[in-house]
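For reference, the structure discussed in these notes is given below.
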There are 2 protein chains.
Amino acid sequence: MPVYKAPVNDTLFVLNDVLGLERYNNLPGFAEASPDMIEAIVGEAAKLSEEVLFPLNYSGDQEGCVRHDDGTVSTPKGFKEAYRAYYEGGWLGLAVPEEFGGQGLPYTLHCAVGEYTSAANMSLMMYPGLTQGAIAAILVHGSEEQKRTYLPKMVEGTWSGTMNLTEPHCGTDLGLLRTKAVPQGDGSYKISGQKIFISAGEHDMTDNIVHLVLARIEGAPEGTKGISLFIVPKFMVGSDGLPGARNAVSCGAIEHKMGIHGNATCVMNYDEATGFLIGAENKGLNAMFVMMNEARLGVGLQGLSIAEIAYQNAVAYARERIQGRSLSGPKAPDKKADPIIVHPDIRRSLMTIRAFNEAGRAFLLWTALKSDIAHRSPDEKERQAADDILGLATPILKGVMTDKGFEHAVMAQQVFGGHGYIEEHGMSQYVRDARITMIYEGANGIQALDLVGRKLALNGGRAVMALFKEIGDFCEENRNDEQMAFFTKHLKKGLNDVQAATMWFMQNAMAKPDNAGAGSTDYMHLFGLVVLGYMWAKMAKAAQAGLTDGDSARADYLKNKLVTARFYMERIMPETALRKARIETGADTMMELAAEAF
Amino acid sequence: MPVYKAPVNDTLFVLNDVLGLERYNNLPGFAEASPDMIEAIVGEAAKLSEEVLFPLNYSGDQEGCVRHDDGTVSTPKGFKEAYRAYYEGGWLGLAVPEEFGGQGLPYTLHCAVGEYTSAANMSLMMYPGLTQGAIAAILVHGSEEQKRTYLPKMVEGTWSGTMNLTEPHCGTDLGLLRTKAVPQGDGSYKISGQKIFISAGEHDMTDNIVHLVLARIEGAPEGTKGISLFIVPKFMVGSDGLPGARNAVSCGAIEHKMGIHGNATCVMNYDEATGFLIGAENKGLNAMFVMMNEARLGVGLQGLSIAEIAYQNAVAYARERIQGRSLSGPKAPDKKADPIIVHPDIRRSLMTIRAFNEAGRAFLLWTALKSDIAHRSPDEKERQAADDILGLATPILKGVMTDKGFEHAVMAQQVFGGHGYIEEHGMSQYVRDARITMIYEGANGIQALDLVGRKLALNGGRAVMALFKEIGDFCEENRNDEQMAFFTKHLKKGLNDVQAATMWFMQNAMAKPDNAGAGSTDYMHLFGLVVLGYMWAKMAKAAQAGLTDGDSARADYLKNKLVTARFYMERIMPETALRKARIETGADTMMELAAEAF
């Protein structure tokens, strides 16, 4: 039977020892998040995840969602009750401003908690996840009336939200979208068209569903400059604030997918449905990007979540399953064979996943903290600096942590041998669920292009230069620290590679943009390797500080942290050279074949 | 809708231009395989694959197998008829000696054909695939009577075969197996025990099923030295040679798996079933290894098959799907967007898969030819040399081509974006099907250990030294060929890396075997990169020879071959340095954590 235990100690190490969250108590909401409070909150989230959400993960996958002939959709048994427990616990609005019913706590804390809940039940957590994205868009772009009408119920959890972007003929290239909006003269619009792949588009868990829909107002310009964003509620909201008449939006089908069976992925039909413009006319993409950016962090988080639960199950199996003898002599001589965790090749897998998960956790929370600073700091310069890094980190977090999350779910499945391939042990589900994270909210190739084509050059490369400087300074500052020399040496090597690759783009991609496209995915991973290496160096420093301070209760934990840090530097970091070499080969060979020649 | 077209031209290029099959017409069966004959046979196989097997692939996955209450198992609609078409066409016995009803043609040709049939319908082809493994074991280890009793029907296809190794508590470590065999004094045994993960263990496609079962004769030594192999027919064979009384072997359940839904993976219960010893007492593993080695080549082949069909579908989608504009300006100005094949990141994926598939096809057929020489050459030295390489190549072919096969099925799925995640387009099936190839017939970690722990040192390293010399000689011979310099330069670099890694094992793994285990998977992939690079260099040479000869009908094909060869050398080959670096870090860090610390 699958297992899951929220990695509370590791979260607290990152929040307290690595990020020093206490230092930020000048930010709104942070003073309330004292170390004790944080410990209590993550402890509660762990309990909810382990005891309420996780027990429904496997059954939810097996059962899936069902669309009935009347267009209603049933979620798997127990989902509704577990979702209620989630929102009644106040988790949905943890980081939402108090004036809209939230708790105003740090978004960083929200992400720490989100890792657990998504690990425990990714499909179920997508329902409130989509709601949170919609809340973010309404918070930033909604009118006061829209905020008052929708936010309290959404934050409370009794109404949910969705994002409606994709149409059958367009996903990445939203400029092609056709759904149309006809103004009715009373401030409302009639929305008509079909949207596909709409997560949580229809279900039985909330009293209303607030669809955010991209559409083209009649007569708007072609392409992305003519797209507007609309609120289309499933039930029209009456003057009493309660759901009333059914709107002309319906679920035409649910998709049969490789995974996330517990989440309803819907074809949504808009048939002159009543919608309300949110934000400015033809500025829909801007508004949507508020949701997208947050959603991308949320998907990167899912990559970590699945890799963590897959890892934990692989570890449990590797400790129990006896098969073969250790190459260095029997380790369990009383048994007929040794547990497979004695075999180096099994360790290679486990250590690799572990090394990415622990660094990924730090990277996620470090990025989330940038988001908090960017949105809450009283200091404009600080806000801008944090926002720069946030923008840069977002595609890396999304792309790298989901590519790795999937790869590592597969690696964990492999530890089970044949037992990993049958559905019974749950490993197949982690692989199938993780697979979508590489695709949705912008396929990872798009994340790489966002990084190389947009984020790198933004404001004259201000963000990337700042981050390179930060990592370079860290290496410099710790150069003479004997305990840190090993880590900074490897980190510096990686930093040199990503700097050289960046330079190569500057010299070769201006005149020939295909050179940027050809190296984009390798660059995203190269950058990810370095940022995760930076996280490892920071964690190594914090671990060493803890050991120096004589933190005896955590001595083993901190020593193991240093072992894993070494593993990352030795085994993982050398990949930067390969990525750089690939980037520097450019686009010529890969662009040479005619399309018909493939 | 999924597409599949057997890559006949590429197969013929490998067989004729690269391997020069004609040169081997001194071997039995090869004289019959004239170039015209080969072209006719692969053409027929292409037709069967495209028209008969492939149309059932998707429906077979959707429908799956059903076990009924009486223990019988139904295969998906149409499988029985398609299987009949396959065996009635004589495909099952293509390479089996004529005296047992086969055609005695080259095993190399059997593998060429096998790529197509497995690509078209892997689940269906596993039924005859298992039969072929069982045929091989009976051919080598069976008594004359056993051969007469079972082989003709199996070669004909009206009876099928299985391999019964795994038990609930043991897979890799067969020394732990418990199924017991009690001698009955009449030459027969009563077999009792449970076997799991038995592919094609029960089904409705043949008149009889010949189970080959590993069991322990009462009183046999513990461990692997006490294991014997038995023939246990589903129906006892009467003196008339026809199936008679039902034997006490039954299917207790079929597994719910991630993929290969069209193949019945059975729990088989042996309840004092009558069995007959095959080969010598307690030498069952030797006999089983005859099946295993051939089966491992067959699984490597499956890796190629799935990567090829996944590639073809990704190409078709990338040519049709319009989304976004080329970075170098519109390529389809008449349309609202360009087909996504114009985007470098899509090309990166397609070229990567293509580069592995074309080299993998050459590697498969090159290895199969070694098998033919090892089994058919009149010259003992030639036989031994070929058998050496075959033994070395088998784990690499199995491990590398299935790891890559899966990785590339995922990569091809990614080209589809969200459309790849829903079952409708078939990409999910390729990924789910490919996943098992990394696991069965020895999980890939076991292949890596077989390579490093067994094959490397065998006969004082004779095989590996011979192969290094062959590749080194190739580089040397072509050093002054201007057209080849680019390829041999990169190949030589890779060869140096694998030689250095081999040396590192010699110096560091004798005293500390964990150092071999820690680097085994990286070594397998390092070796694979170099062997595939060698295939590319050979293909480049053959392509250049064709162009020099003015082969105008194939000029475009040959030029494209050279482009893909360059891509492999530039983008893929540099990975050898990373693999070598990882190997040289050794086992210390990964073995440091206590088992409880994970």
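Letters A, B, ... go to the chains of the structure tokens in the order shown; residues in each chain start at 1; ligands are counted from 1 in the same order.
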
Near Ala46 in chain A, within 8 Å and counting only C-alpha atoms, which residues show up once chain neighbours fewer than 3 positions away are dropped, as a CSV table (one decimal) with C-alpha atoms, in the first residue's frame?
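For reference, selection28.csv as written:
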chain,number,residue,atom,x,y,z
A,5,LYS,CA,4.5,11.4,5.2
A,6,ALA,CA,4.8,15.2,4.8
A,8,VAL,CA,7.8,18.7,7.8
A,42,VAL,CA,2.7,23.0,8.5
A,43,GLY,CA,2.0,20.4,11.1
A,49,SER,CA,-2.6,15.7,3.7
A,50,GLU,CA,-1.7,12.3,5.3
A,113,VAL,CA,1.7,23.6,2.5
A,116,TYR,CA,2.1,18.3,0.9
A,117,THR,CA,-1.5,18.6,-0.3

* What lies within 10 Å of Leu130 in chain B using only C-alpha atoms, ignoring chain neighbours under 2 positions off, as a list in words? ->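 Surrounding residues, per the criterion: Met125, Met126, Tyr127, Pro128, Gln132, Gly133, Ala134, Ile135, Ala136, Ser160, Gly161, Thr162, Met163, Ile198, Ser199, Ala200, Gly201, His211, Met291, Ala295 and Gly298 of chain B.
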
File of the preceding selection, N, CA and C atoms, as a JSON list (two decimals), in the first residue's frame:
[["chain", "number", "residue", "atom", "x", "y", "z"],
["B", 125, "MET", "N", 2.09, -8.84, -30.51],
["B", 125, "MET", "CA", 3.29, -9.55, -30.91],
["B", 125, "MET", "C", 4.00, -10.23, -29.74],
["B", 126, "MET", "N", 3.61, -9.88, -28.53],
["B", 126, "MET", "CA", 4.22, -10.57, -27.39],
["B", 126, "MET", "C", 3.80, -12.04, -27.34],
["B", 127, "TYR", "N", 2.62, -12.36, -27.83],
["B", 127, "TYR", "CA", 2.19, -13.77, -27.80],
["B", 127, "TYR", "C", 3.15, -14.63, -28.62],
["B", 128, "PRO", "N", 3.35, -14.35, -29.91],
["B", 128, "PRO", "CA", 4.34, -15.15, -30.63],
["B", 128, "PRO", "C", 5.77, -14.90, -30.13],
["B", 132, "GLN", "N", 8.50, -17.75, -29.38],
["B", 132, "GLN", "CA", 9.83, -17.86, -30.00],
["B", 132, "GLN", "C", 10.92, -18.10, -28.96],
["B", 133, "GLY", "N", 10.79, -17.46, -27.80],
["B", 133, "GLY", "CA", 11.75, -17.71, -26.73],
["B", 133, "GLY", "C", 11.70, -19.16, -26.28],
["B", 134, "ALA", "N", 10.50, -19.66, -26.13],
["B", 134, "ALA", "CA", 10.34, -21.06, -25.70],
["B", 134, "ALA", "C", 10.87, -22.02, -26.76],
["B", 135, "ILE", "N", 10.63, -21.70, -28.01],
["B", 135, "ILE", "CA", 11.18, -22.52, -29.11],
["B", 135, "ILE", "C", 12.70, -22.58, -29.00],
["B", 136, "ALA", "N", 13.32, -21.42, -28.77],
["B", 136, "ALA", "CA", 14.78, -21.37, -28.69],
["B", 136, "ALA", "C", 15.29, -22.27, -27.57],
["B", 160, "SER", "N", 1.23, -21.96, -28.35],
["B", 160, "SER", "CA", 2.12, -20.86, -27.97],
["B", 160, "SER", "C", 2.97, -21.27, -26.77],
["B", 161, "GLY", "N", 3.88, -20.39, -26.38],
["B", 161, "GLY", "CA", 4.77, -20.69, -25.27],
["B", 161, "GLY", "C", 4.83, -19.55, -24.27],
["B", 162, "THR", "N", 5.35, -19.85, -23.08],
["B", 162, "THR", "CA", 5.53, -18.80, -22.06],
["B", 162, "THR", "C", 6.83, -19.06, -21.31],
["B", 163, "MET", "N", 7.25, -18.06, -20.54],
["B", 163, "MET", "CA", 8.38, -18.19, -19.63],
["B", 163, "MET", "C", 7.88, -17.93, -18.22],
["B", 198, "ILE", "N", 3.24, -13.41, -15.71],
["B", 198, "ILE", "CA", 3.46, -14.31, -16.83],
["B", 198, "ILE", "C", 2.74, -13.79, -18.06],
["B", 199, "SER", "N", 3.54, -13.22, -18.95],
["B", 199, "SER", "CA", 2.98, -12.66, -20.19],
["B", 199, "SER", "C", 2.43, -13.78, -21.04],
["B", 200, "ALA", "N", 1.25, -13.56, -21.57],
["B", 200, "ALA", "CA", 0.60, -14.55, -22.45],
["B", 200, "ALA", "C", 0.36, -15.88, -21.74],
["B", 201, "GLY", "N", 0.26, -15.82, -20.42],
["B", 201, "GLY", "CA", 0.09, -17.04, -19.62],
["B", 201, "GLY", "C", -1.20, -17.79, -19.95],
["B", 211, "HIS", "N", 4.07, -24.05, -21.27],
["B", 211, "HIS", "CA", 4.73, -23.23, -20.24],
["B", 211, "HIS", "C", 6.12, -23.78, -19.94],
["B", 291, "MET", "N", 16.60, -18.61, -23.48],
["B", 291, "MET", "CA", 15.40, -17.81, -23.75],
["B", 291, "MET", "C", 15.65, -16.35, -23.43],
["B", 295, "ALA", "N", 15.26, -13.18, -25.67],
["B", 295, "ALA", "CA", 14.18, -12.29, -25.24],
["B", 295, "ALA", "C", 14.69, -10.87, -25.01],
["B", 298, "GLY", "N", 14.89, -9.16, -28.10],
["B", 298, "GLY", "CA", 13.51, -8.86, -28.51],
["B", 298, "GLY", "C", 12.94, -7.65, -27.78]]

* What is the CA of Lys80 in chain A to CA of Tyr107 in chain A distance in Å? ->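 Going from CA of Lys80 in chain A over to CA of Tyr107 in chain A, I get 25.3 Å.
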
Among range 172-363 of chain B, which ones does DSSP assign to alpha helix (DSSP H) (computed from the backbone)? Answer as a PDB file with N, CA and C atoms, in the first residue's frame.
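Here's the written file result-v4.pdb:
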ATOM      1  N   GLY B 284      18.643 -25.443 -14.659  1.00  0.00           N
ATOM      2  CA  GLY B 284      17.540 -24.725 -15.271  1.00  0.00           C
ATOM      3  C   GLY B 284      17.886 -23.308 -15.695  1.00  0.00           C
ATOM      4  N   LEU B 285      18.756 -22.674 -14.921  1.00  0.00           N
ATOM      5  CA  LEU B 285      19.086 -21.287 -15.271  1.00  0.00           C
ATOM      6  C   LEU B 285      19.826 -21.213 -16.598  1.00  0.00           C
ATOM      7  N   ASN B 286      20.692 -22.185 -16.838  1.00  0.00           N
ATOM      8  CA  ASN B 286      21.397 -22.198 -18.133  1.00  0.00           C
ATOM      9  C   ASN B 286      20.394 -22.265 -19.273  1.00  0.00           C
ATOM     10  N   ALA B 287      19.449 -23.192 -19.120  1.00  0.00           N
ATOM     11  CA  ALA B 287      18.458 -23.367 -20.177  1.00  0.00           C
ATOM     12  C   ALA B 287      17.620 -22.100 -20.325  1.00  0.00           C
ATOM     13  N   MET B 288      17.286 -21.522 -19.177  1.00  0.00           N
ATOM     14  CA  MET B 288      16.458 -20.316 -19.216  1.00  0.00           C
ATOM     15  C   MET B 288      17.199 -19.163 -19.875  1.00  0.00           C
ATOM     16  N   PHE B 289      18.519 -19.156 -19.722  1.00  0.00           N
ATOM     17  CA  PHE B 289      19.270 -18.040 -20.293  1.00  0.00           C
ATOM     18  C   PHE B 289      19.266 -18.048 -21.818  1.00  0.00           C
ATOM     19  N   VAL B 290      19.048 -19.209 -22.394  1.00  0.00           N
ATOM     20  CA  VAL B 290      18.890 -19.242 -23.846  1.00  0.00           C
ATOM     21  C   VAL B 290      17.665 -18.407 -24.246  1.00  0.00           C
ATOM     22  N   MET B 291      16.599 -18.605 -23.481  1.00  0.00           N
ATOM     23  CA  MET B 291      15.398 -17.810 -23.749  1.00  0.00           C
ATOM     24  C   MET B 291      15.652 -16.346 -23.435  1.00  0.00           C
ATOM     25  N   MET B 292      16.291 -16.132 -22.286  1.00  0.00           N
ATOM     26  CA  MET B 292      16.474 -14.769 -21.800  1.00  0.00           C
ATOM     27  C   MET B 292      17.280 -13.921 -22.776  1.00  0.00           C
ATOM     28  N   ASN B 293      18.369 -14.499 -23.276  1.00  0.00           N
ATOM     29  CA  ASN B 293      19.225 -13.699 -24.150  1.00  0.00           C
ATOM     30  C   ASN B 293      18.483 -13.291 -25.411  1.00  0.00           C
ATOM     31  N   GLU B 294      17.764 -14.247 -25.960  1.00  0.00           N
ATOM     32  CA  GLU B 294      17.010 -13.914 -27.153  1.00  0.00           C
ATOM     33  C   GLU B 294      15.890 -12.929 -26.807  1.00  0.00           C
ATOM     34  N   ALA B 295      15.263 -13.180 -25.667  1.00  0.00           N
ATOM     35  CA  ALA B 295      14.182 -12.291 -25.244  1.00  0.00           C
ATOM     36  C   ALA B 295      14.691 -10.869 -25.010  1.00  0.00           C
ATOM     37  N   ARG B 296      15.898 -10.770 -24.502  1.00  0.00           N
ATOM     38  CA  ARG B 296      16.451  -9.428 -24.254  1.00  0.00           C
ATOM     39  C   ARG B 296      16.677  -8.664 -25.550  1.00  0.00           C
ATOM     40  N   LEU B 297      17.145  -9.365 -26.558  1.00  0.00           N
ATOM     41  CA  LEU B 297      17.238  -8.704 -27.870  1.00  0.00           C
ATOM     42  C   LEU B 297      15.844  -8.278 -28.332  1.00  0.00           C
ATOM     43  N   GLY B 298      14.887  -9.162 -28.096  1.00  0.00           N
ATOM     44  CA  GLY B 298      13.506  -8.856 -28.505  1.00  0.00           C
ATOM     45  C   GLY B 298      12.944  -7.653 -27.779  1.00  0.00           C
ATOM     46  N   VAL B 299      13.350  -7.450 -26.549  1.00  0.00           N
ATOM     47  CA  VAL B 299      12.854  -6.297 -25.797  1.00  0.00           C
ATOM     48  C   VAL B 299      13.567  -5.020 -26.254  1.00  0.00           C
ATOM     49  N   GLY B 300      14.856  -5.127 -26.517  1.00  0.00           N
ATOM     50  CA  GLY B 300      15.566  -3.977 -27.092  1.00  0.00           C
ATOM     51  C   GLY B 300      14.885  -3.548 -28.386  1.00  0.00           C
ATOM     52  N   LEU B 301      14.530  -4.541 -29.174  1.00  0.00           N
ATOM     53  CA  LEU B 301      13.787  -4.299 -30.425  1.00  0.00           C
ATOM     54  C   LEU B 301      12.485  -3.547 -30.137  1.00  0.00           C
ATOM     55  N   GLN B 302      11.776  -3.957 -29.110  1.00  0.00           N
ATOM     56  CA  GLN B 302      10.519  -3.256 -28.773  1.00  0.00           C
ATOM     57  C   GLN B 302      10.775  -1.778 -28.470  1.00  0.00           C
ATOM     58  N   GLY B 303      11.896  -1.514 -27.796  1.00  0.00           N
ATOM     59  CA  GLY B 303      12.240  -0.112 -27.499  1.00  0.00           C
ATOM     60  C   GLY B 303      12.336   0.700 -28.781  1.00  0.00           C
ATOM     61  N   LEU B 304      13.020   0.118 -29.769  1.00  0.00           N
ATOM     62  CA  LEU B 304      13.121   0.772 -31.072  1.00  0.00           C
ATOM     63  C   LEU B 304      11.749   0.910 -31.726  1.00  0.00           C
ATOM     64  N   SER B 305      10.973  -0.160 -31.672  1.00  0.00           N
ATOM     65  CA  SER B 305       9.665  -0.167 -32.328  1.00  0.00           C
ATOM     66  C   SER B 305       8.776   0.968 -31.834  1.00  0.00           C
ATOM     67  N   ILE B 306       8.691   1.088 -30.527  1.00  0.00           N
ATOM     68  CA  ILE B 306       7.801   2.101 -29.964  1.00  0.00           C
ATOM     69  C   ILE B 306       8.336   3.505 -30.248  1.00  0.00           C
ATOM     70  N   ALA B 307       9.656   3.656 -30.141  1.00  0.00           N
ATOM     71  CA  ALA B 307      10.227   4.975 -30.444  1.00  0.00           C
ATOM     72  C   ALA B 307       9.945   5.355 -31.899  1.00  0.00           C
ATOM     73  N   GLU B 308       9.960   4.363 -32.780  1.00  0.00           N
ATOM     74  CA  GLU B 308       9.725   4.642 -34.194  1.00  0.00           C
ATOM     75  C   GLU B 308       8.272   5.046 -34.456  1.00  0.00           C
ATOM     76  N   ILE B 309       7.340   4.308 -33.896  1.00  0.00           N
ATOM     77  CA  ILE B 309       5.938   4.662 -34.163  1.00  0.00           C
ATOM     78  C   ILE B 309       5.594   5.985 -33.469  1.00  0.00           C
ATOM     79  N   ALA B 310       6.154   6.202 -32.302  1.00  0.00           N
ATOM     80  CA  ALA B 310       5.908   7.472 -31.609  1.00  0.00           C
ATOM     81  C   ALA B 310       6.479   8.631 -32.420  1.00  0.00           C
ATOM     82  N   TYR B 311       7.672   8.415 -32.964  1.00  0.00           N
ATOM     83  CA  TYR B 311       8.311   9.432 -33.811  1.00  0.00           C
ATOM     84  C   TYR B 311       7.450   9.757 -35.020  1.00  0.00           C
ATOM     85  N   GLN B 312       6.995   8.725 -35.694  1.00  0.00           N
ATOM     86  CA  GLN B 312       6.198   8.953 -36.909  1.00  0.00           C
ATOM     87  C   GLN B 312       4.936   9.763 -36.616  1.00  0.00           C
ATOM     88  N   ASN B 313       4.325   9.478 -35.494  1.00  0.00           N
ATOM     89  CA  ASN B 313       3.108  10.218 -35.154  1.00  0.00           C
ATOM     90  C   ASN B 313       3.418  11.652 -34.746  1.00  0.00           C
ATOM     91  N   ALA B 314       4.544  11.831 -34.071  1.00  0.00           N
ATOM     92  CA  ALA B 314       4.941  13.200 -33.711  1.00  0.00           C
ATOM     93  C   ALA B 314       5.252  14.014 -34.957  1.00  0.00           C
ATOM     94  N   VAL B 315       5.902  13.384 -35.917  1.00  0.00           N
ATOM     95  CA  VAL B 315       6.208  14.062 -37.178  1.00  0.00           C
ATOM     96  C   VAL B 315       4.918  14.470 -37.886  1.00  0.00           C
ATOM     97  N   ALA B 316       3.986  13.528 -37.963  1.00  0.00           N
ATOM     98  CA  ALA B 316       2.723  13.819 -38.658  1.00  0.00           C
ATOM     99  C   ALA B 316       2.005  14.993 -37.994  1.00  0.00           C
ATOM    100  N   TYR B 317       2.004  14.983 -36.661  1.00  0.00           N
ATOM    101  CA  TYR B 317       1.343  16.066 -35.936  1.00  0.00           C
ATOM    102  C   TYR B 317       2.089  17.391 -36.142  1.00  0.00           C
ATOM    103  N   ALA B 318       3.409  17.331 -36.083  1.00  0.00           N
ATOM    104  CA  ALA B 318       4.219  18.551 -36.207  1.00  0.00           C
ATOM    105  C   ALA B 318       4.106  19.175 -37.593  1.00  0.00           C
ATOM    106  N   ARG B 319       3.793  18.356 -38.577  1.00  0.00           N
ATOM    107  CA  ARG B 319       3.620  18.899 -39.927  1.00  0.00           C
ATOM    108  C   ARG B 319       2.249  19.543 -40.113  1.00  0.00           C
ATOM    109  N   GLU B 320       1.268  19.025 -39.376  1.00  0.00           N
ATOM    110  CA  GLU B 320      -0.114  19.468 -39.562  1.00  0.00           C
ATOM    111  C   GLU B 320      -0.531  20.596 -38.633  1.00  0.00           C
ATOM    112  N   PRO B 344      12.537  25.307 -33.722  1.00  0.00           N
ATOM    113  CA  PRO B 344      13.743  24.527 -33.394  1.00  0.00           C
ATOM    114  C   PRO B 344      13.539  23.554 -32.235  1.00  0.00           C
ATOM    115  N   ASP B 345      12.768  23.942 -31.227  1.00  0.00           N
ATOM    116  CA  ASP B 345      12.639  23.043 -30.072  1.00  0.00           C
ATOM    117  C   ASP B 345      11.864  21.773 -30.441  1.00  0.00           C
ATOM    118  N   ILE B 346      10.959  21.888 -31.396  1.00  0.00           N
ATOM    119  CA  ILE B 346      10.260  20.695 -31.902  1.00  0.00           C
ATOM    120  C   ILE B 346      11.236  19.841 -32.712  1.00  0.00           C
ATOM    121  N   ARG B 347      12.032  20.506 -33.507  1.00  0.00           N
ATOM    122  CA  ARG B 347      13.053  19.806 -34.301  1.00  0.00           C
ATOM    123  C   ARG B 347      14.052  19.083 -33.408  1.00  0.00           C
ATOM    124  N   ARG B 348      14.439  19.752 -32.343  1.00  0.00           N
ATOM    125  CA  ARG B 348      15.370  19.122 -31.400  1.00  0.00           C
ATOM    126  C   ARG B 348      14.823  17.767 -30.965  1.00  0.00           C
ATOM    127  N   SER B 349      13.538  17.727 -30.623  1.00  0.00           N
ATOM    128  CA  SER B 349      12.932  16.472 -30.202  1.00  0.00           C
ATOM    129  C   SER B 349      12.913  15.464 -31.347  1.00  0.00           C
ATOM    130  N   LEU B 350      12.443  15.892 -32.492  1.00  0.00           N
ATOM    131  CA  LEU B 350      12.318  14.961 -33.614  1.00  0.00           C
ATOM    132  C   LEU B 350      13.678  14.436 -34.072  1.00  0.00           C
ATOM    133  N   MET B 351      14.656  15.339 -34.154  1.00  0.00           N
ATOM    134  CA  MET B 351      15.986  14.909 -34.596  1.00  0.00           C
ATOM    135  C   MET B 351      16.625  13.958 -33.583  1.00  0.00           C
ATOM    136  N   THR B 352      16.397  14.230 -32.313  1.00  0.00           N
ATOM    137  CA  THR B 352      16.972  13.357 -31.276  1.00  0.00           C
ATOM    138  C   THR B 352      16.404  11.943 -31.400  1.00  0.00           C
ATOM    139  N   ILE B 353      15.094  11.852 -31.539  1.00  0.00           N
ATOM    140  CA  ILE B 353      14.481  10.526 -31.636  1.00  0.00           C
ATOM    141  C   ILE B 353      14.954   9.827 -32.902  1.00  0.00           C
ATOM    142  N   ARG B 354      14.934  10.582 -33.987  1.00  0.00           N
ATOM    143  CA  ARG B 354      15.360  10.044 -35.278  1.00  0.00           C
ATOM    144  C   ARG B 354      16.796   9.521 -35.226  1.00  0.00           C
ATOM    145  N   ALA B 355      17.653  10.293 -34.588  1.00  0.00           N
ATOM    146  CA  ALA B 355      19.069   9.909 -34.526  1.00  0.00           C
ATOM    147  C   ALA B 355      19.241   8.599 -33.757  1.00  0.00           C
ATOM    148  N   PHE B 356      18.455   8.421 -32.710  1.00  0.00           N
ATOM    149  CA  PHE B 356      18.540   7.167 -31.958  1.00  0.00           C
ATOM    150  C   PHE B 356      17.870   6.023 -32.708  1.00  0.00           C
ATOM    151  N   ASN B 357      16.775   6.299 -33.365  1.00  0.00           N
ATOM    152  CA  ASN B 357      16.073   5.218 -34.055  1.00  0.00           C
ATOM    153  C   ASN B 357      16.907   4.656 -35.206  1.00  0.00           C
ATOM    154  N   GLU B 358      17.475   5.540 -35.988  1.00  0.00           N
ATOM    155  CA  GLU B 358      18.223   5.044 -37.150  1.00  0.00           C
ATOM    156  C   GLU B 358      19.475   4.286 -36.704  1.00  0.00           C
ATOM    157  N   ALA B 359      20.148   4.815 -35.697  1.00  0.00           N
ATOM    158  CA  ALA B 359      21.315   4.098 -35.179  1.00  0.00           C
ATOM    159  C   ALA B 359      20.885   2.836 -34.445  1.00  0.00           C
ATOM    160  N   GLY B 360      19.755   2.915 -33.760  1.00  0.00           N
ATOM    161  CA  GLY B 360      19.254   1.750 -33.028  1.00  0.00           C
ATOM    162  C   GLY B 360      18.894   0.616 -33.973  1.00  0.00           C
ATOM    163  N   ARG B 361      18.330   0.973 -35.108  1.00  0.00           N
ATOM    164  CA  ARG B 361      17.986  -0.041 -36.117  1.00  0.00           C
ATOM    165  C   ARG B 361      19.264  -0.737 -36.607  1.00  0.00           C
ATOM    166  N   ALA B 362      20.290   0.066 -36.866  1.00  0.00           N
ATOM    167  CA  ALA B 362      21.565  -0.515 -37.306  1.00  0.00           C
ATOM    168  C   ALA B 362      22.168  -1.384 -36.200  1.00  0.00           C
ATOM    169  N   PHE B 363      22.088  -0.906 -34.971  1.00  0.00           N
ATOM    170  CA  PHE B 363      22.652  -1.639 -33.836  1.00  0.00           C
ATOM    171  C   PHE B 363      21.926  -2.978 -33.650  1.00  0.00           C
TER     172      PHE B 363
END

* Excluding Gly391 in chain B and residues on its chain fewer than 6 positions from it, collect all residues at most 9 Å away from it, counting only C-alpha atoms, and give them as an MDAnalysis selection string. => chainID B and resid 293 451 455 463

Those same residues - N, CA and C atoms - I'd like them written as a compact mmCIF listing (two decimals), in the first residue's frame.
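And here is the file that came out, selection14.txt:
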# COMPACT_ATOMS: atom_id res chain seq x y z
N ASN B 293 18.37 -14.50 -23.28
CA ASN B 293 19.23 -13.70 -24.15
C ASN B 293 18.48 -13.29 -25.41
N LEU B 451 26.37 -6.22 -17.68
CA LEU B 451 27.44 -5.69 -18.52
C LEU B 451 28.73 -5.47 -17.72
N LYS B 455 29.91 -9.32 -18.21
CA LYS B 455 30.36 -9.33 -19.60
C LYS B 455 31.73 -8.68 -19.79
N ALA B 463 35.98 -9.82 -25.15
CA ALA B 463 34.94 -9.20 -25.98
C ALA B 463 35.11 -7.68 -26.06
